[in-house]
Amino acid sequence: MADEPQRPQRRPPSRENQTRLIGALVIAAVLVIFAVQNRNDVRVSFLFFHWDARVIYVIIVSALLGMLLAYLLGRRRRRVRRDERRDS
């Protein structure tokens with residue numbers, strides 16, 4: 001029993017993380033409600049491409065692309081900060 005590795009203590013989520021999670025859930029709920037209420041077909045034109053799609057799919061794809069972009073930009077910012085701290 002004494003030889004068993006100790007598990008690291010998990011810290012409770014910080015207030016900032018809880019606030020971010022609640023904000024993200026509210027935004028997701030509003031997005032879902034908005035998307036479900038807009039099920040009409042629309043013509044989508046992007047560069048040389050044109051297609052018909054339901055507004056719900058356009059909204060969902062746009063939101064996912066926005067989240068991906070935010071994640072990638074945040075990831076880069078965190079890496080730059082980490083490198084600055086390491087160089088100091």
# chains A, B, ... in the order shown; residues from 1 in each chain; ligands from 1
$ select_by_dssp --residues "chain A" --states "alpha helix (DSSP H)" --output "number ranges by chain"
A: 15-37, 55-87
$ write_last_selection --atoms "C-alpha atoms" --output "PDB file, in the first residue's frame"
ATOM      1  CA  ARG A  15     -14.242  30.704 -11.012  1.00  0.00           C
ATOM      2  CA  GLU A  16     -12.977  31.991 -14.363  1.00  0.00           C
ATOM      3  CA  ASN A  17     -13.243  28.543 -15.968  1.00  0.00           C
ATOM      4  CA  GLN A  18     -16.743  28.055 -14.579  1.00  0.00           C
ATOM      5  CA  THR A  19     -17.794  31.431 -15.986  1.00  0.00           C
ATOM      6  CA  ARG A  20     -16.352  30.557 -19.397  1.00  0.00           C
ATOM      7  CA  LEU A  21     -18.128  27.211 -19.399  1.00  0.00           C
ATOM      8  CA  ILE A  22     -21.468  28.777 -18.501  1.00  0.00           C
ATOM      9  CA  GLY A  23     -20.984  31.446 -21.171  1.00  0.00           C
ATOM     10  CA  ALA A  24     -20.125  28.829 -23.783  1.00  0.00           C
ATOM     11  CA  LEU A  25     -23.194  26.770 -22.862  1.00  0.00           C
ATOM     12  CA  VAL A  26     -25.461  29.824 -23.128  1.00  0.00           C
ATOM     13  CA  ILE A  27     -24.016  30.729 -26.527  1.00  0.00           C
ATOM     14  CA  ALA A  28     -24.410  27.124 -27.710  1.00  0.00           C
ATOM     15  CA  ALA A  29     -28.036  27.026 -26.544  1.00  0.00           C
ATOM     16  CA  VAL A  30     -28.845  30.301 -28.323  1.00  0.00           C
ATOM     17  CA  LEU A  31     -27.112  29.029 -31.461  1.00  0.00           C
ATOM     18  CA  VAL A  32     -29.086  25.775 -31.420  1.00  0.00           C
ATOM     19  CA  ILE A  33     -32.400  27.594 -30.920  1.00  0.00           C
ATOM     20  CA  PHE A  34     -31.571  30.040 -33.707  1.00  0.00           C
ATOM     21  CA  ALA A  35     -30.536  27.246 -36.062  1.00  0.00           C
ATOM     22  CA  VAL A  36     -33.646  25.128 -35.394  1.00  0.00           C
ATOM     23  CA  GLN A  37     -35.919  28.111 -36.080  1.00  0.00           C
ATOM     24  CA  VAL A  55     -29.891  27.725 -43.128  1.00  0.00           C
ATOM     25  CA  ILE A  56     -29.449  25.406 -40.131  1.00  0.00           C
ATOM     26  CA  TYR A  57     -26.493  23.686 -41.821  1.00  0.00           C
ATOM     27  CA  VAL A  58     -24.938  26.977 -42.886  1.00  0.00           C
ATOM     28  CA  ILE A  59     -25.207  28.254 -39.307  1.00  0.00           C
ATOM     29  CA  ILE A  60     -23.749  25.078 -37.799  1.00  0.00           C
ATOM     30  CA  VAL A  61     -20.834  24.929 -40.266  1.00  0.00           C
ATOM     31  CA  SER A  62     -20.113  28.639 -39.751  1.00  0.00           C
ATOM     32  CA  ALA A  63     -20.146  28.215 -35.968  1.00  0.00           C
ATOM     33  CA  LEU A  64     -17.853  25.189 -36.124  1.00  0.00           C
ATOM     34  CA  LEU A  65     -15.409  27.021 -38.390  1.00  0.00           C
ATOM     35  CA  GLY A  66     -15.468  29.994 -36.008  1.00  0.00           C
ATOM     36  CA  MET A  67     -14.752  27.737 -33.019  1.00  0.00           C
ATOM     37  CA  LEU A  68     -11.909  26.059 -34.904  1.00  0.00           C
ATOM     38  CA  LEU A  69     -10.397  29.422 -35.787  1.00  0.00           C
ATOM     39  CA  ALA A  70     -10.709  30.683 -32.195  1.00  0.00           C
ATOM     40  CA  TYR A  71      -9.100  27.483 -30.894  1.00  0.00           C
ATOM     41  CA  LEU A  72      -6.188  27.717 -33.322  1.00  0.00           C
ATOM     42  CA  LEU A  73      -5.569  31.404 -32.593  1.00  0.00           C
ATOM     43  CA  GLY A  74      -5.792  30.790 -28.840  1.00  0.00           C
ATOM     44  CA  ARG A  75      -3.431  27.859 -29.133  1.00  0.00           C
ATOM     45  CA  ARG A  76      -0.883  29.994 -30.948  1.00  0.00           C
ATOM     46  CA  ARG A  77      -1.228  32.773 -28.345  1.00  0.00           C
ATOM     47  CA  ARG A  78      -0.672  30.293 -25.520  1.00  0.00           C
ATOM     48  CA  ARG A  79       2.421  28.936 -27.245  1.00  0.00           C
ATOM     49  CA  VAL A  80       3.866  32.446 -27.725  1.00  0.00           C
ATOM     50  CA  ARG A  81       3.262  33.265 -24.040  1.00  0.00           C
ATOM     51  CA  ARG A  82       4.846  29.983 -22.965  1.00  0.00           C
ATOM     52  CA  ASP A  83       7.904  30.692 -25.110  1.00  0.00           C
ATOM     53  CA  GLU A  84       8.181  34.227 -23.698  1.00  0.00           C
ATOM     54  CA  ARG A  85       8.061  32.879 -20.132  1.00  0.00           C
ATOM     55  CA  ARG A  86      10.661  30.262 -20.987  1.00  0.00           C
ATOM     56  CA  ASP A  87      13.035  32.889 -22.452  1.00  0.00           C
TER      57      ASP A  87
END
$ select_by_dssp --residues "chain A" --states "strand (DSSP E)" --output "list in words"
Asp41, Val42, Arg43, Val44, Ser45, Phe46, Phe49, His50, Trp51, Asp52, Ala53 and Arg54 of chain A
$ decode --residues "region 9-88 of chain A" --atoms "C-alpha atoms" --output "PDB file, in the first residue's frame"
ATOM      1  CA  GLN A   9      -4.851  16.165  -6.093  1.00  0.00           C
ATOM      2  CA  ARG A  10      -7.349  17.617  -8.555  1.00  0.00           C
ATOM      3  CA  ARG A  11      -7.946  21.282  -8.044  1.00  0.00           C
ATOM      4  CA  PRO A  12     -11.523  22.465  -8.218  1.00  0.00           C
ATOM      5  CA  PRO A  13     -12.338  24.414 -11.371  1.00  0.00           C
ATOM      6  CA  SER A  14     -11.516  28.073 -11.021  1.00  0.00           C
ATOM      7  CA  ARG A  15     -14.242  30.704 -11.012  1.00  0.00           C
ATOM      8  CA  GLU A  16     -12.977  31.991 -14.363  1.00  0.00           C
ATOM      9  CA  ASN A  17     -13.243  28.543 -15.968  1.00  0.00           C
ATOM     10  CA  GLN A  18     -16.743  28.055 -14.579  1.00  0.00           C
ATOM     11  CA  THR A  19     -17.794  31.431 -15.986  1.00  0.00           C
ATOM     12  CA  ARG A  20     -16.352  30.557 -19.397  1.00  0.00           C
ATOM     13  CA  LEU A  21     -18.128  27.211 -19.399  1.00  0.00           C
ATOM     14  CA  ILE A  22     -21.468  28.777 -18.501  1.00  0.00           C
ATOM     15  CA  GLY A  23     -20.984  31.446 -21.171  1.00  0.00           C
ATOM     16  CA  ALA A  24     -20.125  28.829 -23.783  1.00  0.00           C
ATOM     17  CA  LEU A  25     -23.194  26.770 -22.862  1.00  0.00           C
ATOM     18  CA  VAL A  26     -25.461  29.824 -23.128  1.00  0.00           C
ATOM     19  CA  ILE A  27     -24.016  30.729 -26.527  1.00  0.00           C
ATOM     20  CA  ALA A  28     -24.410  27.124 -27.710  1.00  0.00           C
ATOM     21  CA  ALA A  29     -28.036  27.026 -26.544  1.00  0.00           C
ATOM     22  CA  VAL A  30     -28.845  30.301 -28.323  1.00  0.00           C
ATOM     23  CA  LEU A  31     -27.112  29.029 -31.461  1.00  0.00           C
ATOM     24  CA  VAL A  32     -29.086  25.775 -31.420  1.00  0.00           C
ATOM     25  CA  ILE A  33     -32.400  27.594 -30.920  1.00  0.00           C
ATOM     26  CA  PHE A  34     -31.571  30.040 -33.707  1.00  0.00           C
ATOM     27  CA  ALA A  35     -30.536  27.246 -36.062  1.00  0.00           C
ATOM     28  CA  VAL A  36     -33.646  25.128 -35.394  1.00  0.00           C
ATOM     29  CA  GLN A  37     -35.919  28.111 -36.080  1.00  0.00           C
ATOM     30  CA  ASN A  38     -34.222  28.752 -39.437  1.00  0.00           C
ATOM     31  CA  ARG A  39     -34.756  25.626 -41.510  1.00  0.00           C
ATOM     32  CA  ASN A  40     -35.394  27.327 -44.867  1.00  0.00           C
ATOM     33  CA  ASP A  41     -33.314  26.595 -47.954  1.00  0.00           C
ATOM     34  CA  VAL A  42     -30.901  29.304 -49.102  1.00  0.00           C
ATOM     35  CA  ARG A  43     -28.473  29.734 -51.972  1.00  0.00           C
ATOM     36  CA  VAL A  44     -24.876  29.803 -50.703  1.00  0.00           C
ATOM     37  CA  SER A  45     -22.169  31.357 -52.869  1.00  0.00           C
ATOM     38  CA  PHE A  46     -18.507  31.161 -51.923  1.00  0.00           C
ATOM     39  CA  LEU A  47     -15.792  32.090 -54.404  1.00  0.00           C
ATOM     40  CA  PHE A  48     -16.647  29.995 -57.476  1.00  0.00           C
ATOM     41  CA  PHE A  49     -18.925  27.562 -55.677  1.00  0.00           C
ATOM     42  CA  HIS A  50     -22.711  27.812 -55.443  1.00  0.00           C
ATOM     43  CA  TRP A  51     -25.058  25.406 -53.742  1.00  0.00           C
ATOM     44  CA  ASP A  52     -28.402  25.221 -51.996  1.00  0.00           C
ATOM     45  CA  ALA A  53     -28.424  24.384 -48.311  1.00  0.00           C
ATOM     46  CA  ARG A  54     -30.651  24.732 -45.309  1.00  0.00           C
ATOM     47  CA  VAL A  55     -29.891  27.725 -43.128  1.00  0.00           C
ATOM     48  CA  ILE A  56     -29.449  25.406 -40.131  1.00  0.00           C
ATOM     49  CA  TYR A  57     -26.493  23.686 -41.821  1.00  0.00           C
ATOM     50  CA  VAL A  58     -24.938  26.977 -42.886  1.00  0.00           C
ATOM     51  CA  ILE A  59     -25.207  28.254 -39.307  1.00  0.00           C
ATOM     52  CA  ILE A  60     -23.749  25.078 -37.799  1.00  0.00           C
ATOM     53  CA  VAL A  61     -20.834  24.929 -40.266  1.00  0.00           C
ATOM     54  CA  SER A  62     -20.113  28.639 -39.751  1.00  0.00           C
ATOM     55  CA  ALA A  63     -20.146  28.215 -35.968  1.00  0.00           C
ATOM     56  CA  LEU A  64     -17.853  25.189 -36.124  1.00  0.00           C
ATOM     57  CA  LEU A  65     -15.409  27.021 -38.390  1.00  0.00           C
ATOM     58  CA  GLY A  66     -15.468  29.994 -36.008  1.00  0.00           C
ATOM     59  CA  MET A  67     -14.752  27.737 -33.019  1.00  0.00           C
ATOM     60  CA  LEU A  68     -11.909  26.059 -34.904  1.00  0.00           C
ATOM     61  CA  LEU A  69     -10.397  29.422 -35.787  1.00  0.00           C
ATOM     62  CA  ALA A  70     -10.709  30.683 -32.195  1.00  0.00           C
ATOM     63  CA  TYR A  71      -9.100  27.483 -30.894  1.00  0.00           C
ATOM     64  CA  LEU A  72      -6.188  27.717 -33.322  1.00  0.00           C
ATOM     65  CA  LEU A  73      -5.569  31.404 -32.593  1.00  0.00           C
ATOM     66  CA  GLY A  74      -5.792  30.790 -28.840  1.00  0.00           C
ATOM     67  CA  ARG A  75      -3.431  27.859 -29.133  1.00  0.00           C
ATOM     68  CA  ARG A  76      -0.883  29.994 -30.948  1.00  0.00           C
ATOM     69  CA  ARG A  77      -1.228  32.773 -28.345  1.00  0.00           C
ATOM     70  CA  ARG A  78      -0.672  30.293 -25.520  1.00  0.00           C
ATOM     71  CA  ARG A  79       2.421  28.936 -27.245  1.00  0.00           C
ATOM     72  CA  VAL A  80       3.866  32.446 -27.725  1.00  0.00           C
ATOM     73  CA  ARG A  81       3.262  33.265 -24.040  1.00  0.00           C
ATOM     74  CA  ARG A  82       4.846  29.983 -22.965  1.00  0.00           C
ATOM     75  CA  ASP A  83       7.904  30.692 -25.110  1.00  0.00           C
ATOM     76  CA  GLU A  84       8.181  34.227 -23.698  1.00  0.00           C
ATOM     77  CA  ARG A  85       8.061  32.879 -20.132  1.00  0.00           C
ATOM     78  CA  ARG A  86      10.661  30.262 -20.987  1.00  0.00           C
ATOM     79  CA  ASP A  87      13.035  32.889 -22.452  1.00  0.00           C
ATOM     80  CA  SER A  88      12.731  35.176 -19.416  1.00  0.00           C
TER      81      SER A  88
END
